[in-house]
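> Following this message is one structure expressed as structure tokens.
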Amino acid sequence: MIEVRELHYQYEGKNEALKGVGLTVPAGQFLVILGHNGSGKSTLAKHLNGLLLPASGQVLIDGLDSQNQADFWALRQRVGMVFQNPDNQLIATSVEEDTAFGPENLGVEPALIRSHVDEALVSVGMEEYKERAVHLLSGGQKQRVAIAGVMAMRPKVLVLDEPTAMLDPRGRREVMSAVHKLNEEEGITVVYITHIMEEAVAAHRVVVMEEGRIVMDGSPLEIFNQVEKLKELRLDVPPAVEMAHRLRQRGFPLPLTILTIEELAEALQAAGGRPADALPGSGDAAKPEATLCP
């Protein structure tokens, strides 16, 4: 669905933002892109729907070349983009009107617009709010409406550039649930940029960027098991991964498959809440029982 070949890009008067990025994303994949500020994440995202064009290299979306003027509108229809601040993306007074804005501008038949809008609102769980004034919505609800507005245009790819950065925990959960539903039930290819590590653990694949290059690429488990390397890249890891890593260093027999708090709790329960050298049969009965508290 997405093929990026040797992509280079430089903003005027600045250092090169992308330095030969290569990336292939198959249809239906949920890809998370991580990296600290200035690593090139957002610049890459803007190349995926033609907001930016390569200085050199190539970006293909469903076989369409972003630099081919004849493919421009078709490419924009295939890739929908959602940004950080939902207030910057909502332009109508009601939820229904805002969701209809995209297909109206694409020239969709009026008879089809209503069905597109209704289906899009259902897909993000906002169908009950379609007559609600946009300014009365919470941050998470606004972001879901922004996603619905994109989905009403029937894209094949959804690119989200830190869509939960300005939301509270409840809003983040609402948005993540909506995005995963679109991926799992409708097969939408998702490219999700975030700095919130907990959001990355449920992805199919994680890519890490540093200084305009892709430096890590793998499953969430493969990426987050490299705790020390992520720290070298000035990145955090999910809290459960960090805690499991520290506990292993203290001798707790925890598997390397832990990504969530629930998995950590189950592993600790299985270990009896004690380090390996304090378990029965370890030959060190005199050692006091360890606790999880410092």
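Each chain of the structure tokens is named A, B, ... in the order shown, its residues numbered from 1; ligands are numbered from 1 in display order.
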Using only C-alpha atoms, tabulate the residues of range 23-51 of chain A lying at most 10 Å from any atom of range 145-158 of chain A, each with its closest atom pair and that distance in Å to one decimal, by chain and increasing residue number, as a Markdown table.

| residue | atom | partner | partner_atom | distance |
| --- | --- | --- | --- | --- |
| A:Ala27 | CA | A:Lys156 | CA | 8.3 |
| A:Gly28 | CA | A:Val157 | CA | 8.5 |
| A:Gln29 | CA | A:Val157 | CA | 9.6 |
| A:Phe30 | CA | A:Leu158 | CA | 9.6 |
| A:Leu48 | CA | A:Val157 | CA | 9.2 |
| A:Asn49 | CA | A:Val157 | CA | 9.3 |
> Would you mind writing down, as a list in words, each residue of range 88-205 of chain A that DSSP on the backbone assigns to strand (DSSP E or B)?
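These are the residues in question: Ser94, Ala133, Val157, Leu158, Val159, Leu160, Asp161, Thr189, Val190, Val191, Tyr192, Ile193 and Arg205 of chain A.
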> How would the residues just chosen look if you wrote them out with N, CA, C and O atoms as a CSV table (one decimal), in the first residue's frame?

chain,number,residue,atom,x,y,z
A,94,SER,N,-21.9,21.7,13.3
A,94,SER,CA,-22.5,20.4,13.9
A,94,SER,C,-21.6,19.3,13.5
A,94,SER,O,-20.8,19.3,12.5
A,133,ALA,N,-23.6,20.2,18.6
A,133,ALA,CA,-22.7,21.3,18.2
A,133,ALA,C,-21.2,20.9,18.5
A,133,ALA,O,-20.9,20.4,19.6
A,157,VAL,N,-5.8,4.6,3.4
A,157,VAL,CA,-4.8,4.8,4.4
A,157,VAL,C,-5.2,5.9,5.3
A,157,VAL,O,-5.7,7.0,4.9
A,158,LEU,N,-4.9,5.7,6.6
A,158,LEU,CA,-5.2,6.8,7.6
A,158,LEU,C,-3.9,7.1,8.3
A,158,LEU,O,-3.2,6.2,8.9
A,159,VAL,N,-3.4,8.4,8.2
A,159,VAL,CA,-2.2,8.8,8.8
A,159,VAL,C,-2.5,9.7,9.9
A,159,VAL,O,-3.3,10.7,9.7
A,160,LEU,N,-2.1,9.4,11.1
A,160,LEU,CA,-2.4,10.2,12.3
A,160,LEU,C,-1.1,10.7,12.9
A,160,LEU,O,-0.2,10.0,13.3
A,161,ASP,N,-0.9,12.1,13.0
A,161,ASP,CA,0.3,12.7,13.5
A,161,ASP,C,0.1,13.2,14.9
A,161,ASP,O,-0.5,14.2,15.2
A,189,THR,N,-5.4,0.8,6.4
A,189,THR,CA,-3.9,0.8,6.7
A,189,THR,C,-3.7,2.0,7.6
A,189,THR,O,-4.1,3.1,7.2
A,190,VAL,N,-3.0,1.9,8.7
A,190,VAL,CA,-2.8,3.0,9.7
A,190,VAL,C,-1.4,3.3,9.9
A,190,VAL,O,-0.6,2.3,10.1
A,191,VAL,N,-1.0,4.5,9.7
A,191,VAL,CA,0.3,5.0,10.1
A,191,VAL,C,0.1,6.0,11.2
A,191,VAL,O,-0.5,7.1,11.0
A,192,TYR,N,0.6,5.6,12.4
A,192,TYR,CA,0.3,6.3,13.6
A,192,TYR,C,1.6,6.9,14.3
A,192,TYR,O,2.4,6.1,14.7
A,193,ILE,N,1.7,8.2,14.3
A,193,ILE,CA,2.9,8.8,14.9
A,193,ILE,C,2.5,9.2,16.4
A,193,ILE,O,1.5,9.8,16.6
A,205,ARG,N,3.5,-3.2,14.0
A,205,ARG,CA,4.9,-3.0,13.7
A,205,ARG,C,5.2,-1.6,14.2
A,205,ARG,O,4.4,-0.7,14.3
> My list of candidates is A:Phe72, A:Phe101, A:Tyr9, A:Phe83. Which is closest to Ile113 in chain A when distances are computed with only C-alpha atoms?
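Using only C-alpha atoms, the shortest distance to Ile113 in chain A belongs to A:Phe101.
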> Select, from A:Arg246, A:His195, A:His116, A:Arg213, the residue with the minimum atom-to-atom distance to Glu162 in chain A, counting only C-alpha atoms.
A:His195
> So the first atom is CA of Ala100 in chain A and the second is CA of Ser138 in chain A; what is the distance between them in Å, to one decimal place?
19.9 Å
> Which residue is closest to Leu44 in chain A? Choose from A:Gly20, A:Pro220, A:Pro255, A:Gly102 and count only C-alpha atoms.
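Of all the options, A:Gly20 lies closest to Leu44 in chain A.
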